[in-house]
$ cat input_14.pdb   # PDB, C-alpha atoms
ATOM      1  CA  MET A   1     -49.977  45.612  36.634
ATOM      2  CA  ASP A   2     -52.220  42.725  37.437
ATOM      3  CA  PRO A   3     -50.232  39.394  37.392
ATOM      4  CA  SER A   4     -53.099  37.635  35.626
ATOM      5  CA  ILE A   5     -52.760  40.042  32.713
ATOM      6  CA  ILE A   6     -49.026  39.408  32.526
ATOM      7  CA  PHE A   7     -49.558  35.645  32.421
ATOM      8  CA  MET A   8     -52.234  36.112  29.771
ATOM      9  CA  VAL A   9     -49.888  38.163  27.579
ATOM     10  CA  ILE A  10     -47.110  35.576  27.958
ATOM     11  CA  GLY A  11     -49.546  32.809  27.069
ATOM     12  CA  ILE A  12     -50.701  34.674  23.984
ATOM     13  CA  VAL A  13     -47.101  35.249  22.824
ATOM     14  CA  VAL A  14     -46.215  31.571  23.338
ATOM     15  CA  ALA A  15     -49.347  30.514  21.500
ATOM     16  CA  ILE A  16     -48.443  32.802  18.585
ATOM     17  CA  PHE A  17     -44.923  31.330  18.392
ATOM     18  CA  ILE A  18     -46.290  27.780  18.464
ATOM     19  CA  LEU A  19     -48.865  28.663  15.810
ATOM     20  CA  LEU A  20     -46.202  30.261  13.599
ATOM     21  CA  TYR A  21     -44.013  27.178  14.031
ATOM     22  CA  PHE A  22     -46.701  24.765  12.928
ATOM     23  CA  LEU A  23     -48.140  27.226  10.395
ATOM     24  CA  PRO A  24     -45.108  28.686   8.551
ATOM     25  CA  VAL A  25     -46.919  31.681   7.172
ATOM     26  CA  ASN A  26     -43.704  33.295   5.964
ATOM     27  CA  LEU A  27     -42.899  30.222   3.809
ATOM     28  CA  TRP A  28     -46.421  30.195   2.452
ATOM     29  CA  PHE A  29     -46.171  33.901   1.618
ATOM     30  CA  THR A  30     -42.769  33.412  -0.058
ATOM     31  CA  ALA A  31     -44.163  30.523  -2.099
ATOM     32  CA  GLN A  32     -47.086  32.635  -3.251
ATOM     33  CA  LEU A  33     -44.789  35.438  -4.360
ATOM     34  CA  SER A  34     -42.636  32.902  -6.283
ATOM     35  CA  GLY A  35     -45.631  31.523  -8.158
ATOM     36  CA  VAL A  36     -45.692  28.218  -6.221
ATOM     37  CA  ARG A  37     -49.165  27.176  -5.170
ATOM     38  CA  VAL A  38     -48.971  25.367  -1.851
ATOM     39  CA  ASN A  39     -51.677  24.896   0.729
ATOM     40  CA  LEU A  40     -51.091  26.274   4.221
ATOM     41  CA  LEU A  41     -52.790  23.234   5.699
ATOM     42  CA  ASN A  42     -50.381  21.035   3.770
ATOM     43  CA  LEU A  43     -47.476  22.849   5.413
ATOM     44  CA  LEU A  44     -49.024  22.113   8.795
ATOM     45  CA  LEU A  45     -49.330  18.438   7.904
ATOM     46  CA  MET A  46     -45.667  18.419   6.847
ATOM     47  CA  ARG A  47     -44.718  19.525  10.353
ATOM     48  CA  LEU A  48     -46.779  16.722  11.829
ATOM     49  CA  ARG A  49     -45.139  14.188   9.457
ATOM     50  CA  LYS A  50     -41.682  15.497  10.507
ATOM     51  CA  VAL A  51     -40.917  16.857   7.059
ATOM     52  CA  SER A  52     -39.083  20.157   6.708
ATOM     53  CA  PRO A  53     -41.531  22.590   5.048
ATOM     54  CA  SER A  54     -38.696  24.985   4.167
ATOM     55  CA  LEU A  55     -36.879  22.230   2.233
ATOM     56  CA  VAL A  56     -39.993  21.320   0.276
ATOM     57  CA  VAL A  57     -41.004  24.918  -0.447
ATOM     58  CA  ASN A  58     -37.506  26.026  -1.443
ATOM     59  CA  SER A  59     -37.125  22.980  -3.717
ATOM     60  CA  MET A  60     -40.438  23.741  -5.369
ATOM     61  CA  ILE A  61     -39.456  27.378  -5.856
ATOM     62  CA  ILE A  62     -36.114  26.434  -7.463
ATOM     63  CA  SER A  63     -37.686  23.794  -9.728
ATOM     64  CA  THR A  64     -40.518  26.120 -10.753
ATOM     65  CA  LYS A  65     -38.114  28.913 -11.639
ATOM     66  CA  ALA A  66     -36.132  26.366 -13.705
ATOM     67  CA  GLY A  67     -39.269  25.363 -15.598
ATOM     68  CA  LEU A  68     -39.681  21.935 -13.965
ATOM     69  CA  ASN A  69     -43.061  20.598 -12.961
ATOM     70  CA  ILE A  70     -42.531  18.883  -9.611
ATOM     71  CA  THR A  71     -45.231  18.579  -6.975
ATOM     72  CA  SER A  72     -44.783  18.920  -3.246
ATOM     73  CA  ASN A  73     -46.036  15.371  -2.773
ATOM     74  CA  GLU A  74     -43.212  13.979  -4.942
ATOM     75  CA  ILE A  75     -40.592  15.960  -3.033
ATOM     76  CA  GLU A  76     -42.026  14.945   0.325
ATOM     77  CA  THR A  77     -42.133  11.273  -0.682
ATOM     78  CA  HIS A  78     -38.481  11.301  -1.707
ATOM     79  CA  TYR A  79     -37.520  13.073   1.523
ATOM     80  CA  LEU A  80     -39.337  10.487   3.638
ATOM     81  CA  ALA A  81     -37.611   7.692   1.669
ATOM     82  CA  GLY A  82     -34.247   9.033   2.814
ATOM     83  CA  GLY A  83     -33.197  10.699  -0.417
ATOM     84  CA  ASN A  84     -31.238  13.892  -0.976
ATOM     85  CA  VAL A  85     -33.797  16.331  -2.330
ATOM     86  CA  ASN A  86     -31.369  19.168  -3.058
ATOM     87  CA  ARG A  87     -29.057  16.904  -5.063
ATOM     88  CA  VAL A  88     -31.971  15.570  -7.119
ATOM     89  CA  ILE A  89     -33.256  19.056  -7.898
ATOM     90  CA  LYS A  90     -29.790  20.248  -8.948
ATOM     91  CA  ALA A  91     -29.380  17.168 -11.164
ATOM     92  CA  LEU A  92     -32.754  17.720 -12.829
ATOM     93  CA  ILE A  93     -31.948  21.370 -13.543
ATOM     94  CA  SER A  94     -28.498  20.508 -14.971
ATOM     95  CA  ALA A  95     -29.967  17.742 -17.129
ATOM     96  CA  ASP A  96     -32.707  20.046 -18.430
ATOM     97  CA  LYS A  97     -30.221  22.782 -19.353
ATOM     98  CA  ALA A  98     -27.985  20.234 -21.108
ATOM     99  CA  ASN A  99     -30.943  18.658 -22.985
ATOM    100  CA  ILE A 100     -30.354  15.319 -21.255
ATOM    101  CA  PRO A 101     -33.600  13.360 -20.777
ATOM    102  CA  LEU A 102     -33.980  12.736 -17.047
ATOM    103  CA  SER A 103     -37.282  12.356 -15.239
ATOM    104  CA  PHE A 104     -37.888  12.976 -11.553
ATOM    105  CA  LYS A 105     -38.646   9.290 -11.063
ATOM    106  CA  SER A 106     -35.348   8.217 -12.636
ATOM    107  CA  ALA A 107     -33.394  10.822 -10.682
ATOM    108  CA  THR A 108     -34.876   9.721  -7.353
ATOM    109  CA  ALA A 109     -34.250   6.059  -8.204
ATOM    110  CA  ILE A 110     -30.584   6.815  -8.952
ATOM    111  CA  ASP A 111     -30.288   8.818  -5.733
ATOM    112  CA  LEU A 112     -31.881   6.105  -3.592
ATOM    113  CA  ALA A 113     -29.591   3.524  -5.218
ATOM    114  CA  GLY A 114     -26.643   5.266  -3.579
ATOM    115  CA  ARG A 115     -25.215   7.021  -6.628
ATOM    116  CA  ASP A 116     -24.579  10.730  -6.921
ATOM    117  CA  VAL A 117     -27.133  11.701  -9.550
ATOM    118  CA  PHE A 118     -25.813  15.253  -9.850
ATOM    119  CA  ASP A 119     -22.269  13.947 -10.436
ATOM    120  CA  ALA A 120     -23.638  11.535 -13.032
ATOM    121  CA  VAL A 121     -25.242  14.408 -14.935
ATOM    122  CA  GLN A 122     -21.991  16.358 -14.731
ATOM    123  CA  ILE A 123     -20.092  13.377 -16.198
ATOM    124  CA  SER A 124     -22.658  13.183 -18.990
ATOM    125  CA  VAL A 125     -21.971  16.814 -19.819
ATOM    126  CA  ASN A 126     -18.214  16.764 -19.148
ATOM    127  CA  PRO A 127     -16.730  13.288 -19.742
ATOM    128  CA  ARG A 128     -14.351  12.013 -17.076
ATOM    129  CA  VAL A 129     -10.847  10.670 -17.666
ATOM    130  CA  ILE A 130      -9.933   7.566 -15.652
ATOM    131  CA  ASN A 131      -6.270   6.653 -15.313
ATOM    132  CA  THR A 132      -5.681   2.925 -15.107
ATOM    133  CA  PRO A 133      -2.999   1.523 -12.807
ATOM    134  CA  PRO A 134       0.118   0.025 -14.451
ATOM    135  CA  VAL A 135      -0.889  -3.174 -16.284
ATOM    136  CA  ALA A 136       1.894  -5.741 -16.826
ATOM    137  CA  ALA A 137       1.657  -8.267 -19.664
ATOM    138  CA  VAL A 138       4.094 -10.547 -21.503
ATOM    139  CA  ALA A 139       4.379 -10.797 -25.278
ATOM    140  CA  LYS A 140       5.032 -14.097 -27.035
ATOM    141  CA  ASP A 141       8.784 -13.413 -27.184
ATOM    142  CA  GLY A 142       8.895 -13.400 -23.377
ATOM    143  CA  ILE A 143       9.437  -9.645 -22.879
ATOM    144  CA  GLN A 144       7.268  -7.982 -20.246
ATOM    145  CA  LEU A 145       5.552  -4.676 -21.049
ATOM    146  CA  ILE A 146       3.993  -2.335 -18.478
ATOM    147  CA  ALA A 147       1.252  -0.126 -19.935
ATOM    148  CA  LYS A 148      -0.787   2.770 -18.546
ATOM    149  CA  ALA A 149      -4.006   3.911 -20.209
ATOM    150  CA  ARG A 150      -6.395   6.820 -19.946
ATOM    151  CA  VAL A 151     -10.046   5.933 -20.380
ATOM    152  CA  THR A 152     -12.480   8.713 -21.252
ATOM    153  CA  VAL A 153     -15.990   7.818 -20.107
ATOM    154  CA  ARG A 154     -19.397   9.445 -20.112
ATOM    155  CA  ALA A 155     -22.172   8.532 -17.705
ATOM    156  CA  ASN A 156     -25.010   6.463 -19.115
ATOM    157  CA  ILE A 157     -28.065   7.751 -17.265
ATOM    158  CA  ASN A 158     -30.210   4.785 -18.252
ATOM    159  CA  GLN A 159     -27.660   2.302 -16.805
ATOM    160  CA  LEU A 160     -26.902   4.077 -13.527
ATOM    161  CA  VAL A 161     -29.355   1.864 -11.635
ATOM    162  CA  GLY A 162     -27.948  -1.664 -11.699
ATOM    163  CA  GLY A 163     -24.972  -0.825 -13.918
ATOM    164  CA  ALA A 164     -21.373  -1.604 -12.985
ATOM    165  CA  GLY A 165     -19.062   1.172 -11.815
ATOM    166  CA  GLU A 166     -15.580   2.446 -12.574
ATOM    167  CA  GLU A 167     -13.897  -0.601 -11.026
ATOM    168  CA  THR A 168     -15.447  -2.840 -13.668
ATOM    169  CA  ILE A 169     -14.328  -0.490 -16.443
ATOM    170  CA  LEU A 170     -10.749  -0.540 -15.141
ATOM    171  CA  ALA A 171     -10.771  -4.326 -14.792
ATOM    172  CA  ARG A 172     -12.077  -4.858 -18.327
ATOM    173  CA  VAL A 173      -9.598  -2.396 -19.831
ATOM    174  CA  GLY A 174      -6.761  -4.107 -17.976
ATOM    175  CA  GLU A 175      -7.911  -7.472 -19.281
ATOM    176  CA  GLY A 176      -8.011  -6.096 -22.849
ATOM    177  CA  ILE A 177      -4.477  -4.716 -22.526
ATOM    178  CA  VAL A 178      -3.152  -8.031 -21.234
ATOM    179  CA  THR A 179      -4.894  -9.948 -24.029
ATOM    180  CA  THR A 180      -3.612  -7.624 -26.759
ATOM    181  CA  ILE A 181      -0.002  -7.659 -25.552
ATOM    182  CA  GLY A 182      -0.082 -11.397 -24.895
ATOM    183  CA  SER A 183      -1.258 -12.115 -28.447
ATOM    184  CA  SER A 184       1.545 -10.039 -30.024
ATOM    185  CA  GLU A 185       4.377 -12.011 -31.585
ATOM    186  CA  THR A 186       7.035  -9.638 -30.255
ATOM    187  CA  HIS A 187       7.094  -6.714 -27.860
ATOM    188  CA  LYS A 188       8.475  -4.524 -30.668
ATOM    189  CA  LEU A 189       5.148  -4.683 -32.497
ATOM    190  CA  VAL A 190       3.388  -3.238 -29.463
ATOM    191  CA  LEU A 191       5.993  -0.511 -29.004
ATOM    192  CA  GLU A 192       5.764   0.439 -32.679
ATOM    193  CA  ASN A 193       1.945   0.560 -32.753
ATOM    194  CA  PRO A 194       0.522   1.229 -29.269
ATOM    195  CA  ASP A 195      -2.755   2.327 -30.858
ATOM    196  CA  ARG A 196      -3.506  -1.301 -31.748
ATOM    197  CA  ILE A 197      -4.152  -1.843 -28.036
ATOM    198  CA  SER A 198      -6.763   0.927 -28.030
ATOM    199  CA  LYS A 199      -8.442  -0.369 -31.171
ATOM    200  CA  THR A 200      -8.564  -3.953 -29.913
ATOM    201  CA  VAL A 201      -9.935  -2.951 -26.512
ATOM    202  CA  LEU A 202     -12.590  -0.629 -27.960
ATOM    203  CA  GLU A 203     -13.806  -3.335 -30.347
ATOM    204  CA  LYS A 204     -14.597  -5.598 -27.397
ATOM    205  CA  GLY A 205     -17.456  -3.381 -26.171
ATOM    206  CA  LEU A 206     -16.164  -3.185 -22.614
ATOM    207  CA  ASP A 207     -18.829  -0.681 -21.510
ATOM    208  CA  SER A 208     -21.632  -3.206 -21.915
ATOM    209  CA  GLY A 209     -23.678  -3.505 -18.731
ATOM    210  CA  THR A 210     -21.889  -0.608 -17.020
ATOM    211  CA  ALA A 211     -23.045   2.829 -15.923
ATOM    212  CA  PHE A 212     -20.619   4.478 -18.341
ATOM    213  CA  GLU A 213     -20.027   4.798 -22.049
ATOM    214  CA  ILE A 214     -16.390   4.531 -23.126
ATOM    215  CA  LEU A 215     -15.530   7.325 -25.557
ATOM    216  CA  SER A 216     -11.830   6.582 -26.044
ATOM    217  CA  ILE A 217      -8.927   4.587 -24.662
ATOM    218  CA  ASP A 218      -5.505   6.181 -25.018
ATOM    219  CA  ILE A 219      -2.221   4.481 -24.116
ATOM    220  CA  ALA A 220      -0.348   7.037 -22.006
ATOM    221  CA  ASP A 221       2.884   5.124 -21.434
ATOM    222  CA  ILE A 222       4.538   1.768 -22.158
ATOM    223  CA  ASP A 223       7.653   0.599 -20.327
ATOM    224  CA  ILE A 224       9.752  -2.523 -20.906
ATOM    225  CA  GLY A 225       9.910  -4.772 -17.885
ATOM    226  CA  GLU A 226      11.796  -7.998 -17.273
ATOM    227  CA  ASN A 227      12.696 -10.733 -19.739
ATOM    228  CA  ILE A 228      10.206 -13.190 -18.346
ATOM    229  CA  GLY A 229      10.942 -15.804 -21.032
ATOM    230  CA  ALA A 230      14.648 -15.932 -20.200
ATOM    231  CA  LYS A 231      13.895 -15.967 -16.497
ATOM    232  CA  LEU A 232      11.510 -18.876 -16.919
ATOM    233  CA  GLN A 233      14.074 -20.773 -18.986
ATOM    234  CA  THR A 234      16.727 -20.160 -16.327
ATOM    235  CA  ASP A 235      14.402 -21.338 -13.602
ATOM    236  CA  GLN A 236      13.501 -24.404 -15.671
ATOM    237  CA  ALA A 237      17.190 -25.192 -16.248
ATOM    238  CA  GLU A 238      17.909 -24.908 -12.534
ATOM    239  CA  ALA A 239      14.953 -27.143 -11.764
ATOM    240  CA  ASP A 240      16.134 -29.719 -14.351
ATOM    241  CA  LEU A 241      19.646 -29.611 -12.852
ATOM    242  CA  LYS A 242      18.288 -30.246  -9.378
ATOM    243  CA  VAL A 243      16.221 -33.165 -10.692
ATOM    244  CA  ALA A 244      19.257 -34.624 -12.501
ATOM    245  CA  ASN A 245      21.400 -34.261  -9.372
ATOM    246  CA  ALA A 246      18.721 -35.936  -7.303
ATOM    247  CA  ARG A 247      18.479 -38.842  -9.743
ATOM    248  CA  ALA A 248      22.287 -39.181  -9.877
ATOM    249  CA  GLU A 249      22.437 -39.211  -6.098
ATOM    250  CA  GLU A 250      19.726 -41.835  -6.080
ATOM    251  CA  ARG A 251      21.680 -44.007  -8.529
ATOM    252  CA  ARG A 252      24.900 -43.529  -6.486
ATOM    253  CA  ALA A 253      23.123 -44.521  -3.300
ATOM    254  CA  MET A 254      21.697 -47.604  -5.024
ATOM    255  CA  ALA A 255      25.191 -48.512  -6.320
ATOM    256  CA  VAL A 256      26.694 -48.126  -2.849
ATOM    257  CA  ALA A 257      23.918 -50.233  -1.373
ATOM    258  CA  SER A 258      24.429 -52.902  -4.030
ATOM    259  CA  GLU A 259      28.193 -52.925  -3.375
ATOM    260  CA  GLN A 260      27.633 -53.303   0.340
ATOM    261  CA  GLU A 261      25.205 -56.115  -0.360
ATOM    262  CA  MET A 262      27.743 -57.915  -2.583
ATOM    263  CA  ARG A 263      30.428 -57.517   0.070
ATOM    264  CA  ALA A 264      28.110 -58.999   2.628
ATOM    265  CA  LYS A 265      27.393 -61.941   0.342
ATOM    266  CA  ALA A 266      31.156 -62.410  -0.257
ATOM    267  CA  GLN A 267      31.829 -62.425   3.462
ATOM    268  CA  GLU A 268      29.048 -64.918   3.919
ATOM    269  CA  ALA A 269      30.537 -67.158   1.193
ATOM    270  CA  ARG A 270      34.022 -66.940   2.786
ATOM    271  CA  ALA A 271      32.561 -67.896   6.114
ATOM    272  CA  LYS A 272      30.979 -70.949   4.541
ATOM    273  CA  VAL A 273      34.317 -71.875   2.873
ATOM    274  CA  ILE A 274      36.186 -71.536   6.154
ATOM    275  CA  GLU A 275      33.554 -73.590   7.859
ATOM    276  CA  ALA A 276      33.888 -76.275   5.180
ATOM    277  CA  GLU A 277      37.703 -76.216   5.435
ATOM    278  CA  ALA A 278      37.455 -76.644   9.181
ATOM    279  CA  GLU A 279      35.362 -79.781   8.712
ATOM    280  CA  LEU A 280      37.884 -81.300   6.239
ATOM    281  CA  PRO A 281      40.454 -82.576   8.872
ATOM    282  CA  LEU A 282      37.640 -84.044  10.898
ATOM    283  CA  ALA A 283      36.345 -85.867   7.853
ATOM    284  CA  MET A 284      39.842 -87.184   7.029
ATOM    285  CA  ALA A 285      40.337 -88.367  10.616
ATOM    286  CA  GLU A 286      37.030 -90.153  10.484
ATOM    287  CA  ALA A 287      38.057 -91.720   7.162
ATOM    288  CA  PHE A 288      41.325 -92.950   8.733
ATOM    289  CA  ARG A 289      39.463 -94.502  11.653
ATOM    290  CA  SER A 290      36.915 -96.150   9.441
ATOM    291  CA  GLY A 291      39.571 -97.480   7.033
ATOM    292  CA  ASN A 292      38.232 -95.587   4.022
ATOM    293  CA  LEU A 293      41.441 -93.553   3.654
ATOM    294  CA  GLY A 294      44.970 -94.843   3.682
ATOM    295  CA  VAL A 295      48.355 -93.228   4.199
ATOM    296  CA  MET A 296      49.164 -93.246   0.473
ATOM    297  CA  ASP A 297      45.860 -91.628  -0.322
ATOM    298  CA  TYR A 298      46.623 -88.925   2.187
ATOM    299  CA  TYR A 299      50.014 -88.222   0.586
ATOM    300  CA  LYS A 300      48.410 -88.010  -2.848
ATOM    301  CA  ILE A 301      45.966 -85.424  -1.528
ATOM    302  CA  GLN A 302      48.836 -83.415  -0.044
ATOM    303  CA  ASN A 303      50.723 -83.500  -3.362
ATOM    304  CA  ILE A 304      47.651 -82.328  -5.242
ATOM    305  CA  GLN A 305      47.214 -79.476  -2.768
ATOM    306  CA  ALA A 306      50.864 -78.477  -3.116
ATOM    307  CA  ASP A 307      50.613 -78.437  -6.922
ATOM    308  CA  THR A 308      47.479 -76.269  -6.685
ATOM    309  CA  ASP A 309      49.193 -73.816  -4.336
ATOM    310  CA  MET A 310      52.204 -73.613  -6.666
ATOM    311  CA  ARG A 311      50.034 -72.834  -9.683
ATOM    312  CA  ASP A 312      48.205 -70.146  -7.666
ATOM    313  CA  SER A 313      51.472 -68.550  -6.579
ATOM    314  CA  ILE A 314      52.724 -68.458 -10.179
ATOM    315  CA  SER A 315      49.481 -66.895 -11.485
ATOM    316  CA  LYS A 316      49.269 -64.441  -8.552
ATOM    317  CA  PRO A 317      52.779 -63.505  -7.465
ATOM    318  CA  GLY A 318      51.535 -60.612  -5.281
ATOM    319  CA  ASP A 319      49.334 -62.779  -3.101
ATOM    320  CA  LYS A 320      51.066 -62.808   0.309
ATOM    321  CA  ARG A 321      48.862 -65.493   1.620
ATOM    322  CA  ARG A 322      49.982 -67.904  -1.127
ATOM    323  CA  GLY A 323      53.627 -66.895  -0.629
ATOM    324  CA  ASP A 324      53.451 -67.649   3.051
ATOM    325  CA  LYS A 325      52.192 -71.131   2.289
ATOM    326  CA  LYS A 326      55.204 -71.803   0.056
TER     327      LYS A 326
END
$ encode --input "input_14.pdb" --output "structure tokens"
Amino acid sequence: MDPSIIFMVIGIVVAIFILLYFLPVNLWFTAQLSGVRVNLLNLLLMRLRKVSPSLVVNSMIISTKAGLNITSNEIETHYLAGGNVNRVIKALISADKANIPLSFKSATAIDLAGRDVFDAVQISVNPRVINTPPVAAVAKDGIQLIAKARVTVRANINQLVGGAGEETILARVGEGIVTTIGSSETHKLVLENPDRISKTVLEKGLDSGTAFEILSIDIADIDIGENIGAKLQTDQAEADLKVANARAEERRAMAVASEQEMRAKAQEARAKVIEAEAELPLAMAEAFRSGNLGVMDYYKIQNIQADTDMRDSISKPGDKRRGDKK
């Protein structure tokens, strides 16, 4: 066989494959059989815009069979925006079957916002139960209670874009539980009527501004914790005792310092007395030399001193110093 003919046949086959790739005739034929009117040229342009024609055509077929009116342009726009087309189509079909009003524009906005729109529709049909973590609160009598709640929520389609999530619901419910228990006079009232927690929390409208609607709040379990009031009183008593001991130690230290100061002053006074007594003989000698003091005067002074020592020894018989002088 002539090689030129072989190359021509190969070229024709390659050209057919390339043409079938850019012109998905089989998809176009499938769409026509399914009642979906799509232009073959539009499928070619999808290839050039790097959009999967099979995804668009299959989505249109599914939505058409479900009775939804969605154009290929809307699907292609959402695909180019980075959305999940299959999830949006499933959500729209579920919402339509459940008589939940949901437009294609709202569904794509929810999907592009990062939320699972199909899961949101499922929660609207089948409410979800959220278990809160253990919430500890203290009643007015000082007894700690640990409560667990089950929150039944339903998705609010209109609040999914910009609405708060489950974390906010759990935080608000926990705050309501703490407030209700903390306002109770005794922990026994809460144990006797746990439903008062549910009623109080539901009356606060905790689902405002969230992507969910709270249907019910049920207290699953309440446990008694520590006696926080007694513990605080014990800690306060220990703190007061430490403060009193510190103040007593401060007063003792001040007393010791004052005593040491008085002893120092006494020693200083004794030193001055000794110094004055040492100057007395010198003064008497000077008086003798100057003629201001005679022998009889000196004897009188000695007699007066002896009488003084005798009186001191009688009043203080245990004073060894006075006894030695006698």
$ resolve_selection --input "input_14.pdb" --expression "the PyMOL selection byres ((chain A and resi 174) around 12)" --output "tab-separated table (two decimals) with C-alpha atoms, keeping the file's coordinate frame"
chain	number	residue	atom	x	y	z
A	131	ASN	CA	-6.27	6.65	-15.31
A	132	THR	CA	-5.68	2.92	-15.11
A	133	PRO	CA	-3.00	1.52	-12.81
A	134	PRO	CA	0.12	0.02	-14.45
A	135	VAL	CA	-0.89	-3.17	-16.28
A	136	ALA	CA	1.89	-5.74	-16.83
A	137	ALA	CA	1.66	-8.27	-19.66
A	146	ILE	CA	3.99	-2.34	-18.48
A	147	ALA	CA	1.25	-0.13	-19.93
A	148	LYS	CA	-0.79	2.77	-18.55
A	149	ALA	CA	-4.01	3.91	-20.21
A	150	ARG	CA	-6.40	6.82	-19.95
A	151	VAL	CA	-10.05	5.93	-20.38
A	167	GLU	CA	-13.90	-0.60	-11.03
A	168	THR	CA	-15.45	-2.84	-13.67
A	169	ILE	CA	-14.33	-0.49	-16.44
A	170	LEU	CA	-10.75	-0.54	-15.14
A	171	ALA	CA	-10.77	-4.33	-14.79
A	172	ARG	CA	-12.08	-4.86	-18.33
A	173	VAL	CA	-9.60	-2.40	-19.83
A	175	GLU	CA	-7.91	-7.47	-19.28
A	176	GLY	CA	-8.01	-6.10	-22.85
A	177	ILE	CA	-4.48	-4.72	-22.53
A	178	VAL	CA	-3.15	-8.03	-21.23
A	179	THR	CA	-4.89	-9.95	-24.03
A	180	THR	CA	-3.61	-7.62	-26.76
A	181	ILE	CA	0.00	-7.66	-25.55
A	197	ILE	CA	-4.15	-1.84	-28.04
A	198	SER	CA	-6.76	0.93	-28.03
A	201	VAL	CA	-9.94	-2.95	-26.51
A	206	LEU	CA	-16.16	-3.18	-22.61
A	217	ILE	CA	-8.93	4.59	-24.66
A	219	ILE	CA	-2.22	4.48	-24.12
$ resolve_selection --input "input_14.pdb" --expression "the PyMOL selection byres ((chain A and resi 80) around 12)" --output "short mmCIF file (atom, residue, chain, number, x, y, z; two decimals) with C-alpha atoms, keeping the file's coordinate frame"
data_model
loop_
_atom_site.label_atom_id
_atom_site.label_comp_id
_atom_site.auth_asym_id
_atom_site.auth_seq_id
_atom_site.Cartn_x
_atom_site.Cartn_y
_atom_site.Cartn_z
CA MET A 46 -45.67 18.42 6.85
CA ARG A 49 -45.14 14.19 9.46
CA LYS A 50 -41.68 15.50 10.51
CA VAL A 51 -40.92 16.86 7.06
CA SER A 52 -39.08 20.16 6.71
CA VAL A 56 -39.99 21.32 0.28
CA ASN A 73 -46.04 15.37 -2.77
CA GLU A 74 -43.21 13.98 -4.94
CA ILE A 75 -40.59 15.96 -3.03
CA GLU A 76 -42.03 14.94 0.32
CA THR A 77 -42.13 11.27 -0.68
CA HIS A 78 -38.48 11.30 -1.71
CA TYR A 79 -37.52 13.07 1.52
CA ALA A 81 -37.61 7.69 1.67
CA GLY A 82 -34.25 9.03 2.81
CA GLY A 83 -33.20 10.70 -0.42
CA ASN A 84 -31.24 13.89 -0.98
CA VAL A 85 -33.80 16.33 -2.33
CA THR A 108 -34.88 9.72 -7.35
CA LEU A 112 -31.88 6.10 -3.59
#
$ atom_distance --input "input_14.pdb" --atom1 "CA of Arg87 (chain A)" --atom2 "CA of Val57 (chain A)"
15.1 Å
$ atom_distance --input "input_14.pdb" --atom1 "CA of Asn156 (chain A)" --atom2 "CA of Phe212 (chain A)"
4.9 Å
$ resolve_selection --input "input_14.pdb" --expression "the PyMOL selection byres ((chain A and resi 129) around 6)" --output "VMD selection string"
chain A and resid 128 130 151 to 152
$ atom_distance --input "input_14.pdb" --atom1 "CA of Ser103 (chain A)" --atom2 "CA of Asp119 (chain A)"
15.8 Å
